[in-house]
$ cat start28.txt   # compact mmCIF, C-alpha atoms
# COMPACT_ATOMS: atom_id res chain seq x y z
CA MET U 1 0.00 0.00 0.00
CA LYS U 2 1.23 3.48 -0.80
CA THR U 3 1.98 5.68 2.16
CA ALA U 4 1.00 9.34 2.28
CA THR U 5 4.65 10.18 1.59
CA ASP U 6 4.73 7.97 -1.53
CA LYS U 7 1.66 9.73 -2.87
CA GLY U 8 3.16 13.11 -2.11
CA VAL U 9 6.38 12.14 -3.89
CA ASP U 10 4.48 10.88 -6.96
CA GLY U 11 2.46 14.08 -7.16
CA PHE U 12 5.57 16.21 -6.75
CA ARG U 13 7.45 14.28 -9.44
CA ALA U 14 4.62 14.69 -11.96
CA ARG U 15 4.38 18.42 -11.31
CA ALA U 16 8.16 18.94 -11.39
CA VAL U 17 8.27 17.37 -14.88
CA GLU U 18 5.20 19.29 -16.01
CA GLU U 19 6.65 22.61 -14.85
CA GLY U 20 9.98 21.94 -16.57
CA LEU U 21 11.98 21.94 -13.33
CA VAL U 22 13.85 18.69 -14.01
CA ASP U 23 17.22 19.32 -15.72
CA VAL U 24 18.35 15.69 -15.57
CA ALA U 25 15.66 12.98 -15.61
CA TYR U 26 16.81 9.46 -14.93
CA ALA U 27 15.54 5.91 -14.70
CA THR U 28 16.96 2.44 -14.35
CA THR U 29 16.08 -0.35 -16.73
CA ASP U 30 16.84 -4.04 -17.00
CA SER U 31 19.12 -5.41 -19.68
CA PRO U 32 20.55 -8.87 -20.43
CA PHE U 33 23.73 -7.65 -18.69
CA GLY U 34 22.10 -6.21 -15.56
CA PRO U 35 20.53 -2.89 -14.63
CA LEU U 36 21.36 0.20 -16.69
CA LEU U 37 21.10 3.79 -15.55
CA LEU U 38 19.63 6.14 -18.17
CA ALA U 39 19.84 9.91 -17.82
CA GLN U 40 18.64 12.60 -20.15
CA THR U 41 18.47 16.38 -20.36
CA ARG U 42 16.21 18.55 -22.50
CA ARG U 43 18.74 18.07 -25.32
CA GLY U 44 18.75 14.29 -25.22
CA LEU U 45 20.33 11.22 -23.71
CA VAL U 46 23.37 12.35 -21.72
CA ARG U 47 24.48 9.28 -19.76
CA VAL U 48 24.11 5.52 -19.83
CA GLY U 49 25.48 3.75 -16.77
CA LEU U 50 26.53 0.14 -17.33
CA PRO U 51 25.80 -2.60 -14.75
CA ASN U 52 29.32 -2.50 -13.31
CA GLN U 53 29.18 1.25 -12.70
CA ASP U 54 27.92 2.75 -9.44
CA SER U 55 24.67 4.63 -10.12
CA ASP U 56 25.05 6.91 -7.11
CA ASP U 57 28.48 8.06 -8.31
CA LEU U 58 27.11 8.74 -11.78
CA LEU U 59 24.22 10.80 -10.38
CA VAL U 60 26.56 12.84 -8.17
CA ASP U 61 28.73 13.47 -11.23
CA LEU U 62 25.70 14.61 -13.24
CA ALA U 63 24.64 16.92 -10.39
CA GLU U 64 28.07 18.55 -10.48
CA ARG U 65 28.62 18.72 -14.21
CA VAL U 66 25.13 19.32 -15.60
CA SER U 67 22.73 20.50 -12.88
CA PRO U 68 21.80 19.48 -9.34
CA ARG U 69 18.17 19.32 -10.44
CA VAL U 70 18.47 15.56 -10.93
CA LEU U 71 15.25 13.64 -10.42
CA GLU U 72 14.13 10.08 -11.02
CA ALA U 73 11.42 10.38 -13.67
CA PRO U 74 10.98 7.00 -15.42
CA GLY U 75 8.20 8.24 -17.71
CA GLN U 76 10.66 10.62 -19.36
CA LEU U 77 12.88 7.73 -20.44
CA ASP U 78 10.21 5.55 -22.05
CA GLU U 79 11.50 6.00 -25.59
CA VAL U 80 15.11 5.30 -24.59
CA ARG U 81 14.02 2.13 -22.81
CA ARG U 82 11.92 1.04 -25.78
CA GLU U 83 14.80 1.40 -28.25
CA LEU U 84 17.27 -0.35 -25.96
CA ASP U 85 14.86 -3.26 -25.43
CA LEU U 86 14.51 -3.64 -29.20
CA TYR U 87 18.28 -3.43 -29.65
CA PHE U 88 18.88 -6.22 -27.14
CA GLU U 89 16.28 -8.34 -28.93
CA GLY U 90 18.22 -7.85 -32.16
CA LYS U 91 15.32 -5.90 -33.66
CA LEU U 92 16.90 -2.46 -33.90
CA ASP U 93 20.04 -1.65 -35.84
CA ARG U 94 20.02 2.11 -35.49
CA PHE U 95 19.08 4.31 -32.54
CA GLY U 96 16.97 7.37 -33.30
CA LEU U 97 17.49 9.05 -29.94
CA PRO U 98 18.59 12.68 -29.59
CA LEU U 99 21.94 12.83 -27.78
CA ASP U 100 23.44 15.41 -25.44
CA TRP U 101 27.22 15.45 -25.97
CA ARG U 102 28.09 17.97 -23.28
CA LEU U 103 29.96 15.55 -21.01
CA SER U 104 32.70 15.14 -23.64
CA GLY U 105 34.69 18.02 -25.07
CA GLY U 106 37.14 18.65 -27.89
CA PHE U 107 38.96 15.68 -29.36
CA ARG U 108 37.03 13.18 -27.25
CA GLN U 109 33.73 14.43 -28.52
CA ARG U 110 34.97 14.26 -32.11
CA VAL U 111 36.05 10.65 -31.56
CA LEU U 112 32.69 9.76 -30.03
CA ARG U 113 30.78 11.41 -32.86
CA ALA U 114 32.86 9.40 -35.34
CA ILE U 115 32.11 6.23 -33.38
CA ASN U 116 28.43 7.12 -33.49
CA ARG U 117 28.57 6.77 -37.28
CA ILE U 118 29.94 3.19 -37.30
CA PRO U 119 27.09 1.10 -38.72
CA TYR U 120 25.53 -1.79 -36.85
CA GLY U 121 27.40 -5.05 -37.24
CA GLN U 122 30.66 -3.41 -38.36
CA THR U 123 33.86 -2.61 -36.51
CA ARG U 124 36.60 -0.02 -36.83
CA SER U 125 40.06 0.36 -35.30
CA TYR U 126 41.16 2.92 -32.72
CA THR U 127 43.53 4.27 -35.38
CA GLU U 128 40.69 4.91 -37.81
CA MET U 129 38.74 6.72 -35.11
CA ALA U 130 41.77 8.89 -34.32
CA ARG U 131 42.04 9.76 -38.01
CA LYS U 132 38.36 10.57 -38.32
CA ALA U 133 38.64 12.86 -35.31
CA GLY U 134 41.44 14.75 -37.04
CA ASN U 135 44.61 13.34 -35.51
CA GLU U 136 45.75 9.95 -36.76
CA ARG U 137 48.64 9.79 -34.33
CA ALA U 138 46.44 10.26 -31.26
CA VAL U 139 45.53 6.58 -31.12
CA ARG U 140 45.98 6.36 -27.38
CA ALA U 141 43.79 9.44 -26.86
CA ALA U 142 41.18 7.87 -29.12
CA GLY U 143 41.29 4.80 -26.89
CA THR U 144 40.80 6.99 -23.84
CA ALA U 145 37.85 8.71 -25.53
CA CYS U 146 36.24 5.30 -26.11
CA GLY U 147 36.88 4.35 -22.51
CA SER U 148 35.28 7.56 -21.25
CA ASN U 149 32.21 7.28 -23.48
CA PRO U 150 29.34 8.65 -21.34
CA ILE U 151 26.69 7.10 -23.61
CA PRO U 152 27.83 3.50 -24.20
CA LEU U 153 25.59 1.06 -26.13
CA VAL U 154 23.85 3.92 -27.95
CA VAL U 155 27.17 5.46 -29.02
CA PRO U 156 28.65 2.10 -30.01
CA CYS U 157 32.19 2.17 -28.62
CA HIS U 158 31.95 -1.65 -28.49
CA ARG U 159 32.42 -1.55 -32.28
CA VAL U 160 35.96 -0.19 -31.93
CA LEU U 161 38.71 -2.85 -31.87
CA ARG U 162 42.47 -2.89 -31.95
CA THR U 163 44.15 -2.92 -35.33
CA GLY U 164 44.35 -6.63 -36.17
CA GLY U 165 41.04 -7.41 -34.49
CA ALA U 166 41.90 -7.87 -30.80
CA LEU U 167 39.05 -6.74 -28.61
CA GLY U 168 40.83 -3.93 -26.77
CA GLY U 169 38.95 -2.72 -23.68
CA TYR U 170 35.41 -2.00 -22.58
CA GLY U 171 33.98 -0.01 -19.69
CA GLY U 172 31.35 -2.68 -19.04
CA GLY U 173 33.92 -5.49 -19.10
CA LEU U 174 35.19 -7.53 -22.03
CA PRO U 175 32.54 -10.28 -21.78
CA MET U 176 29.90 -7.62 -22.40
CA LYS U 177 31.78 -6.27 -25.42
CA GLU U 178 32.04 -9.78 -26.83
CA ALA U 179 28.35 -10.44 -26.23
CA LEU U 180 27.36 -7.20 -27.98
CA LEU U 181 29.52 -8.06 -31.00
CA GLN U 182 27.96 -11.52 -31.07
CA LEU U 183 24.50 -9.98 -30.91
CA GLU U 184 25.39 -7.83 -33.91
CA GLY U 185 26.76 -10.85 -35.77
CA VAL U 186 30.35 -9.63 -35.85
CA LEU U 187 31.78 -12.36 -33.66
CA ASP U 188 31.06 -16.08 -33.61
CA GLU U 189 30.19 -17.70 -30.33
CA SER U 190 33.90 -18.48 -29.89
CA PRO U 191 35.69 -15.33 -28.75
CA ALA U 192 38.24 -13.70 -31.04
CA SER U 193 41.81 -13.67 -29.84
CA MET K 1 31.23 24.95 0.08
CA THR K 2 29.61 21.53 -0.03
CA ALA K 3 28.58 20.42 -3.51
CA LEU K 4 24.85 20.05 -3.95
CA PRO K 5 23.81 16.39 -4.09
CA PRO K 6 21.34 15.23 -6.78
CA PHE K 7 17.90 16.54 -5.80
CA GLN K 8 16.58 12.97 -5.77
CA THR K 9 18.86 12.30 -2.78
CA VAL K 10 17.40 15.27 -0.94
CA LEU K 11 13.91 13.95 -1.64
CA ASP K 12 14.83 10.41 -0.53
CA ASP K 13 16.46 11.61 2.67
CA HIS K 14 13.85 14.10 3.86
CA ALA K 15 10.46 13.28 2.33
CA THR K 16 9.28 11.41 5.41
CA ALA K 17 10.26 14.17 7.83
CA VAL K 18 8.64 16.84 5.67
CA MET K 19 5.41 14.86 5.36
CA SER K 20 5.40 14.17 9.04
CA ILE K 21 5.69 17.81 10.14
CA LEU K 22 3.14 18.89 7.54
CA HIS K 23 0.73 16.34 8.94
CA GLY K 24 1.25 17.88 12.32
CA ALA K 25 0.95 21.42 10.99
CA VAL K 26 -1.97 21.24 8.55
CA GLY K 27 -3.57 17.80 8.93
CA ARG K 28 -4.01 15.00 6.48
CA ASP K 29 -6.12 16.82 3.92
CA GLY K 30 -3.71 19.68 3.42
CA ALA K 31 -0.47 17.77 3.89
CA GLU K 32 -0.13 16.23 0.42
CA ASP K 33 -0.67 19.55 -1.32
CA CYS K 34 1.73 21.37 1.03
CA PHE K 35 4.25 18.57 0.51
CA GLN K 36 4.18 19.08 -3.27
CA GLU K 37 4.41 22.85 -2.89
CA THR K 38 7.34 22.48 -0.50
CA PHE K 39 9.42 20.29 -2.80
CA LEU K 40 8.51 22.29 -5.91
CA ALA K 41 9.67 25.48 -4.21
CA ALA K 42 12.82 23.70 -3.05
CA LEU K 43 13.57 22.33 -6.52
CA ARG K 44 13.08 25.79 -8.05
CA ALA K 45 15.52 27.40 -5.63
CA TYR K 46 17.92 24.47 -5.38
CA PRO K 47 20.67 25.36 -7.92
CA LYS K 48 21.18 28.73 -6.21
CA LEU K 49 21.41 27.33 -2.71
CA ASP K 50 24.76 28.42 -1.23
CA ASP K 51 25.01 26.06 1.66
CA ALA K 52 24.23 22.37 1.43
CA SER K 53 25.21 21.63 5.03
CA ASN K 54 21.70 21.84 6.50
CA LEU K 55 19.32 20.70 3.78
CA ARG K 56 16.88 19.36 6.33
CA GLY K 57 16.56 22.68 8.12
CA TRP K 58 16.20 24.45 4.78
CA LEU K 59 13.39 22.11 3.68
CA LEU K 60 11.59 22.31 6.99
CA THR K 61 11.69 26.11 6.80
CA ILE K 62 10.05 25.97 3.39
CA ALA K 63 7.51 23.42 4.66
CA GLN K 64 6.64 25.67 7.56
CA ARG K 65 6.08 28.60 5.19
CA LYS K 66 3.83 26.45 3.01
CA ALA K 67 1.88 25.38 6.10
CA ILE K 68 1.40 29.02 7.08
CA ASP K 69 0.27 29.85 3.52
CA HIS K 70 -2.16 26.99 3.75
CA HIS K 71 -3.64 28.30 6.99
CA ARG K 72 -3.85 31.83 5.61
CA ALA K 73 -5.62 30.61 2.50
CA ARG K 74 -8.15 28.78 4.63
CA GLY K 75 -8.52 31.86 6.78
CA ARG K 76 -8.79 30.08 10.05
CA ALA K 77 -6.61 28.63 12.74
CA PRO K 78 -6.20 26.31 14.39
CA VAL K 79 -7.26 23.77 11.80
CA PRO K 80 -8.33 20.36 13.02
CA VAL K 81 -6.00 17.58 11.99
CA ALA K 82 -7.04 14.24 10.62
CA GLU K 83 -8.77 11.62 12.68
CA PRO K 84 -6.33 9.75 14.91
CA ALA K 85 -7.11 6.53 13.06
CA GLU K 86 -5.92 8.03 9.80
CA LEU K 87 -2.78 9.42 11.35
CA ALA K 88 -1.65 5.88 12.04
CA ALA K 89 -1.13 5.43 8.30
CA VAL K 90 1.53 8.13 8.18
CA ASP K 91 5.04 6.85 8.22
CA GLY K 92 7.21 8.24 10.97
CA LEU K 93 4.39 9.14 13.32
CA PRO K 94 3.95 7.21 16.53
CA GLU K 95 0.86 5.13 17.01
CA PRO K 96 -1.91 7.46 18.14
CA ASP K 97 -3.53 6.54 21.40
CA ASP K 98 -5.60 8.06 24.15
CA GLY K 99 -6.55 11.00 21.94
CA LEU K 100 -2.99 12.35 22.07
CA TRP K 101 -2.73 13.40 18.44
CA GLU K 102 -6.22 14.74 18.52
CA ALA K 103 -5.14 16.97 21.36
CA VAL K 104 -1.97 17.94 19.48
CA GLY K 105 -4.13 18.83 16.51
CA ALA K 106 -6.18 21.19 18.66
CA LEU K 107 -3.14 23.22 19.78
CA PRO K 108 -2.51 26.69 18.31
CA PRO K 109 -0.38 26.43 15.11
CA LYS K 110 3.04 27.32 16.53
CA GLN K 111 2.70 25.05 19.52
CA ARG K 112 1.33 22.26 17.38
CA ALA K 113 4.19 22.59 14.90
CA ALA K 114 6.77 22.68 17.70
CA VAL K 115 5.34 19.54 19.30
CA ALA K 116 5.09 17.73 15.95
CA LEU K 117 8.66 18.67 15.03
CA ARG K 118 10.01 17.60 18.40
CA TYR K 119 8.13 14.34 18.84
CA GLY K 120 6.95 13.51 15.33
CA SER K 121 10.23 14.29 13.54
CA ASP K 122 12.58 14.11 16.51
CA LEU K 123 14.23 17.45 15.73
CA PRO K 124 16.44 19.29 18.23
CA HIS K 125 15.43 22.80 19.38
CA ASN K 126 17.68 24.71 17.01
CA GLU K 127 16.24 22.88 13.98
CA ILE K 128 12.71 23.43 15.23
CA ALA K 129 13.59 27.12 15.48
CA ALA K 130 14.94 27.09 11.91
CA ALA K 131 11.80 25.35 10.67
CA LEU K 132 9.50 27.76 12.49
CA GLY K 133 11.55 30.81 11.54
CA CYS K 134 11.96 31.94 15.16
CA SER K 135 14.68 32.00 17.81
CA PRO K 136 15.59 28.81 19.68
CA GLU K 137 14.18 30.43 22.85
CA ALA K 138 10.86 31.09 21.15
CA ALA K 139 10.82 27.53 19.82
CA ARG K 140 11.48 26.17 23.28
CA ARG K 141 8.71 28.37 24.66
CA SER K 142 6.21 27.16 22.02
CA LEU K 143 7.13 23.58 22.79
CA HIS K 144 6.86 24.15 26.52
CA GLU K 145 3.47 25.89 26.23
CA GLY K 146 2.24 23.15 23.92
CA LEU K 147 3.30 20.39 26.28
CA LYS K 148 1.80 22.19 29.28
CA ARG K 149 -1.51 22.45 27.48
CA LEU K 150 -1.39 18.81 26.41
CA ARG K 151 -0.74 17.67 29.97
CA LYS K 152 -3.75 19.64 31.13
CA GLU K 153 -5.95 18.32 28.30
CA LEU K 154 -4.98 14.71 28.84
CA ALA K 155 -4.85 14.72 32.62
$ encode --input "start28.txt" --output "structure tokens"
Amino acid sequence: MKTATDKGVDGFRARAVEEGLVDVAYATTDSPFGPLLLAQTRRGLVRVGLPNQDSDDLLVDLAERVSPRVLEAPGQLDEVRRELDLYFEGKLDRFGLPLDWRLSGGFRQRVLRAINRIPYGQTRSYTEMARKAGNERAVRAAGTACGSNPIPLVVPCHRVLRTGGALGGYGGGLPMKEALLQLEGVLDESPAS
Amino acid sequence: MTALPPFQTVLDDHATAVMSILHGAVGRDGAEDCFQETFLAALRAYPKLDDASNLRGWLLTIAQRKAIDHHRARGRAPVPVAEPAELAAVDGLPEPDDGLWEAVGALPPKQRAAVALRYGSDLPHNEIAAALGCSPEAARRSLHEGLKRLRKELA
């Protein structure tokens, strides 16, 4: 049964959204890999937290870097959840979500925007991403940009591999990267070396 | 300066206390509305808040103002609180018995708020003072007067 406080909180949440007072709306959703944190601003999706990342830390970071007006508002994330569900079912090969790039600046943002254009089911190397971002020699920085991707899954940093095809790294752990590449038909069930 | 935590954290940490004092201050019927108004006002002002060290006191001050607005709008005071049986459903409030909360509800607003803050929300005197917008001495006096009256009523 809902307590008086629960009802008050629900009413407040609805009105806060309605009156445009929520700068960062967030929700958690289930995925085959565990719970994901989804956060969006008026511009678009700003943060996806993977299962191995601490949600509280991510929310504190958003409060500091975007706005402290951070509120759980699941209804605001319905479309993001819908597209992710379809993606995990293998029924969506291109996200149509507006993105908010503000958590990445300069070279990193250019790398991430280049990554965002890698088609479903294909891979690129860190070197290619560095070149696309305007500095072919900054391979290591391109790797760092991938590693710091604030919007993983939707901005598909899992499609970036080492030259020669080794997996490289992944913020959500290598097994997750492998599973995503398998889902997209890039890898066989046996992991690449 | 302490960094402001995500507003959701503020809501999680203090919603129960705010609802509980509003129940004491305006009764069940007005509490939900005052609760929404309190947190909306807080969310509006939040990014400009300088000091995050006493968020609870800050929220309770806003809640108190909303309770006063509520009383003004209704144009009468004191306002009867909810039936004791309904109060039992509120989290954070002790089990009503022997007409205690009924008697609390019949106190004048300041005394009622002071008693609710002290025994409903377990606040110390200085925080009660902050919530009521008065000096700690005045808060202590309101509490004392309220308790004296309750003792007489319930004797």
$ residues_around --input "start28.txt" --residues "K:Gln64" --least-positions-apart "4" --cutoff "8 Å" --atoms "all atoms listed in the file" --output "PyMOL selection string"
chain K and resi 22+25+60+68+131-132
$ write_last_selection --input "start28.txt" --atoms "C-alpha atoms" --output "mmCIF file, in the coordinates of the input"
data_model
loop_
_atom_site.group_PDB
_atom_site.id
_atom_site.type_symbol
_atom_site.label_atom_id
_atom_site.label_comp_id
_atom_site.auth_asym_id
_atom_site.auth_seq_id
_atom_site.Cartn_x
_atom_site.Cartn_y
_atom_site.Cartn_z
ATOM 1 C CA LEU K 22 3.140 18.890 7.540
ATOM 2 C CA ALA K 25 0.950 21.420 10.990
ATOM 3 C CA LEU K 60 11.590 22.310 6.990
ATOM 4 C CA ILE K 68 1.400 29.020 7.080
ATOM 5 C CA ALA K 131 11.800 25.350 10.670
ATOM 6 C CA LEU K 132 9.500 27.760 12.490
#
$ closest_atom_pairs --input "start28.txt" --of "chain K" --to "chain U" --cutoff "12 Å" --atoms "all atoms listed in the file" --output "JSON lines"
{"residue": "K:Thr2", "atom": "CA", "partner": "U:Glu64", "partner_atom": "CA", "distance": 11.0}
{"residue": "K:Ala3", "atom": "CA", "partner": "U:Glu64", "partner_atom": "CA", "distance": 7.2}
{"residue": "K:Leu4", "atom": "CA", "partner": "U:Pro68", "partner_atom": "CA", "distance": 6.2}
{"residue": "K:Pro5", "atom": "CA", "partner": "U:Val60", "partner_atom": "CA", "distance": 6.1}
{"residue": "K:Pro6", "atom": "CA", "partner": "U:Pro68", "partner_atom": "CA", "distance": 5.0}
{"residue": "K:Phe7", "atom": "CA", "partner": "U:Val70", "partner_atom": "CA", "distance": 5.3}
{"residue": "K:Gln8", "atom": "CA", "partner": "U:Leu71", "partner_atom": "CA", "distance": 4.9}
{"residue": "K:Thr9", "atom": "CA", "partner": "U:Leu71", "partner_atom": "CA", "distance": 8.6}
{"residue": "K:Val10", "atom": "CA", "partner": "U:Leu71", "partner_atom": "CA", "distance": 9.9}
{"residue": "K:Leu11", "atom": "CA", "partner": "U:Val9", "partner_atom": "CA", "distance": 8.1}
{"residue": "K:Asp12", "atom": "CA", "partner": "U:Val9", "partner_atom": "CA", "distance": 9.3}
{"residue": "K:Asp13", "atom": "CA", "partner": "U:Thr5", "partner_atom": "CA", "distance": 11.9}
{"residue": "K:His14", "atom": "CA", "partner": "U:Thr5", "partner_atom": "CA", "distance": 10.3}
{"residue": "K:Ala15", "atom": "CA", "partner": "U:Thr5", "partner_atom": "CA", "distance": 6.6}
{"residue": "K:Thr16", "atom": "CA", "partner": "U:Thr5", "partner_atom": "CA", "distance": 6.1}
{"residue": "K:Ala17", "atom": "CA", "partner": "U:Thr5", "partner_atom": "CA", "distance": 9.3}
{"residue": "K:Val18", "atom": "CA", "partner": "U:Thr5", "partner_atom": "CA", "distance": 8.8}
{"residue": "K:Met19", "atom": "CA", "partner": "U:Thr5", "partner_atom": "CA", "distance": 6.1}
{"residue": "K:Ser20", "atom": "CA", "partner": "U:Thr5", "partner_atom": "CA", "distance": 8.5}
{"residue": "K:Ile21", "atom": "CA", "partner": "U:Thr5", "partner_atom": "CA", "distance": 11.5}
{"residue": "K:Leu22", "atom": "CA", "partner": "U:Thr5", "partner_atom": "CA", "distance": 10.7}
{"residue": "K:His23", "atom": "CA", "partner": "U:Ala4", "partner_atom": "CA", "distance": 9.7}
{"residue": "K:Gly27", "atom": "CA", "partner": "U:Ala4", "partner_atom": "CA", "distance": 11.7}
{"residue": "K:Arg28", "atom": "CA", "partner": "U:Ala4", "partner_atom": "CA", "distance": 8.6}
{"residue": "K:Asp29", "atom": "CA", "partner": "U:Ala4", "partner_atom": "CA", "distance": 10.5}
{"residue": "K:Gly30", "atom": "CA", "partner": "U:Gly8", "partner_atom": "CA", "distance": 11.0}
{"residue": "K:Ala31", "atom": "CA", "partner": "U:Gly8", "partner_atom": "CA", "distance": 8.4}
{"residue": "K:Glu32", "atom": "CA", "partner": "U:Gly8", "partner_atom": "CA", "distance": 5.2}
{"residue": "K:Asp33", "atom": "CA", "partner": "U:Gly8", "partner_atom": "CA", "distance": 7.5}
{"residue": "K:Cys34", "atom": "CA", "partner": "U:Gly8", "partner_atom": "CA", "distance": 9.0}
{"residue": "K:Phe35", "atom": "CA", "partner": "U:Gly8", "partner_atom": "CA", "distance": 6.2}
{"residue": "K:Gln36", "atom": "CA", "partner": "U:Phe12", "partner_atom": "CA", "distance": 4.7}
{"residue": "K:Glu37", "atom": "CA", "partner": "U:Phe12", "partner_atom": "CA", "distance": 7.8}
{"residue": "K:Thr38", "atom": "CA", "partner": "U:Phe12", "partner_atom": "CA", "distance": 9.0}
{"residue": "K:Phe39", "atom": "CA", "partner": "U:Phe12", "partner_atom": "CA", "distance": 6.9}
{"residue": "K:Leu40", "atom": "CA", "partner": "U:Ala16", "partner_atom": "CA", "distance": 6.4}
{"residue": "K:Ala41", "atom": "CA", "partner": "U:Ala16", "partner_atom": "CA", "distance": 9.8}
{"residue": "K:Ala42", "atom": "CA", "partner": "U:Arg69", "partner_atom": "CA", "distance": 10.1}
{"residue": "K:Leu43", "atom": "CA", "partner": "U:Arg69", "partner_atom": "CA", "distance": 6.8}
{"residue": "K:Arg44", "atom": "CA", "partner": "U:Leu21", "partner_atom": "CA", "distance": 6.6}
{"residue": "K:Ala45", "atom": "CA", "partner": "U:Arg69", "partner_atom": "CA", "distance": 9.8}
{"residue": "K:Tyr46", "atom": "CA", "partner": "U:Arg69", "partner_atom": "CA", "distance": 7.2}
{"residue": "K:Pro47", "atom": "CA", "partner": "U:Pro68", "partner_atom": "CA", "distance": 6.2}
{"residue": "K:Lys48", "atom": "CA", "partner": "U:Pro68", "partner_atom": "CA", "distance": 9.8}
{"residue": "K:Leu49", "atom": "CA", "partner": "U:Pro68", "partner_atom": "CA", "distance": 10.3}
{"residue": "K:Ala52", "atom": "CA", "partner": "U:Pro68", "partner_atom": "CA", "distance": 11.4}
{"residue": "K:Glu86", "atom": "CA", "partner": "U:Ala4", "partner_atom": "CA", "distance": 10.3}
{"residue": "K:Leu87", "atom": "CA", "partner": "U:Ala4", "partner_atom": "CA", "distance": 9.8}
{"residue": "K:Ala88", "atom": "CA", "partner": "U:Thr3", "partner_atom": "CA", "distance": 10.5}
{"residue": "K:Ala89", "atom": "CA", "partner": "U:Thr3", "partner_atom": "CA", "distance": 6.9}
{"residue": "K:Val90", "atom": "CA", "partner": "U:Ala4", "partner_atom": "CA", "distance": 6.0}
{"residue": "K:Asp91", "atom": "CA", "partner": "U:Thr3", "partner_atom": "CA", "distance": 6.9}
{"residue": "K:Gly92", "atom": "CA", "partner": "U:Thr5", "partner_atom": "CA", "distance": 9.9}
{"residue": "K:Leu93", "atom": "CA", "partner": "U:Ala4", "partner_atom": "CA", "distance": 11.6}
$ closest_residue --input "start28.txt" --among "K:Gly105, K:Arg74, K:His144, K:Ala130" --to "K:Leu55" --atoms "only C-alpha atoms"
K:Ala130
$ residues_around --input "start28.txt" --residues "U:Thr28" --least-positions-apart "6" --cutoff "7 Å" --atoms "all atoms listed in the file" --output "PyMOL selection string"
chain U and resi 35-38
$ atom_distance --input "start28.txt" --atom1 "atom CA of U:Leu92" --atom2 "atom CA of U:Leu183"
11.1 Å
$ closest_residue --input "start28.txt" --among "U:Pro74, U:Gly44, U:Gly169, U:Gly121" --to "U:Gln182" --atoms "all atoms listed in the file"
U:Gly121
$ residues_around --input "start28.txt" --residues "K:Leu117" --least-positions-apart "3" --cutoff "9 Å" --atoms "only C-alpha atoms" --output "list in words"
Ala17, Ser20, Ile21, Gly24, Arg112, Ala113, Ala114, Gly120, Ser121, Asp122, Leu123, Pro124, Glu127, Ile128 and Ala131 of chain K
$ atom_distance --input "start28.txt" --atom1 "atom CA of U:Phe88" --atom2 "atom CA of U:Asp23"
28.0 Å
$ closest_residue --input "start28.txt" --among "U:Val186, U:Ala145, U:Val154, U:Leu174" --to "U:Gly49" --atoms "only C-alpha atoms"
U:Val154
$ decode --input "start28.txt" --residues "stretch 114-145 of chain U" --atoms "C-alpha atoms" --output "PDB file, in the first residue's frame"
ATOM      1  CA  ALA U 114      32.857   9.396 -35.338  1.00  0.00           C
ATOM      2  CA  ILE U 115      32.105   6.225 -33.377  1.00  0.00           C
ATOM      3  CA  ASN U 116      28.427   7.119 -33.493  1.00  0.00           C
ATOM      4  CA  ARG U 117      28.572   6.765 -37.277  1.00  0.00           C
ATOM      5  CA  ILE U 118      29.935   3.195 -37.301  1.00  0.00           C
ATOM      6  CA  PRO U 119      27.085   1.098 -38.718  1.00  0.00           C
ATOM      7  CA  TYR U 120      25.525  -1.792 -36.848  1.00  0.00           C
ATOM      8  CA  GLY U 121      27.400  -5.050 -37.237  1.00  0.00           C
ATOM      9  CA  GLN U 122      30.664  -3.412 -38.358  1.00  0.00           C
ATOM     10  CA  THR U 123      33.863  -2.615 -36.514  1.00  0.00           C
ATOM     11  CA  ARG U 124      36.604  -0.020 -36.829  1.00  0.00           C
ATOM     12  CA  SER U 125      40.056   0.358 -35.296  1.00  0.00           C
ATOM     13  CA  TYR U 126      41.161   2.918 -32.718  1.00  0.00           C
ATOM     14  CA  THR U 127      43.527   4.275 -35.375  1.00  0.00           C
ATOM     15  CA  GLU U 128      40.686   4.905 -37.810  1.00  0.00           C
ATOM     16  CA  MET U 129      38.742   6.718 -35.112  1.00  0.00           C
ATOM     17  CA  ALA U 130      41.766   8.893 -34.316  1.00  0.00           C
ATOM     18  CA  ARG U 131      42.044   9.764 -38.005  1.00  0.00           C
ATOM     19  CA  LYS U 132      38.359  10.567 -38.322  1.00  0.00           C
ATOM     20  CA  ALA U 133      38.644  12.859 -35.312  1.00  0.00           C
ATOM     21  CA  GLY U 134      41.439  14.746 -37.037  1.00  0.00           C
ATOM     22  CA  ASN U 135      44.611  13.341 -35.514  1.00  0.00           C
ATOM     23  CA  GLU U 136      45.752   9.946 -36.762  1.00  0.00           C
ATOM     24  CA  ARG U 137      48.644   9.787 -34.333  1.00  0.00           C
ATOM     25  CA  ALA U 138      46.441  10.263 -31.265  1.00  0.00           C
ATOM     26  CA  VAL U 139      45.531   6.579 -31.115  1.00  0.00           C
ATOM     27  CA  ARG U 140      45.979   6.362 -27.376  1.00  0.00           C
ATOM     28  CA  ALA U 141      43.787   9.445 -26.855  1.00  0.00           C
ATOM     29  CA  ALA U 142      41.179   7.873 -29.115  1.00  0.00           C
ATOM     30  CA  GLY U 143      41.289   4.797 -26.887  1.00  0.00           C
ATOM     31  CA  THR U 144      40.803   6.995 -23.837  1.00  0.00           C
ATOM     32  CA  ALA U 145      37.855   8.706 -25.531  1.00  0.00           C
TER      33      ALA U 145
END
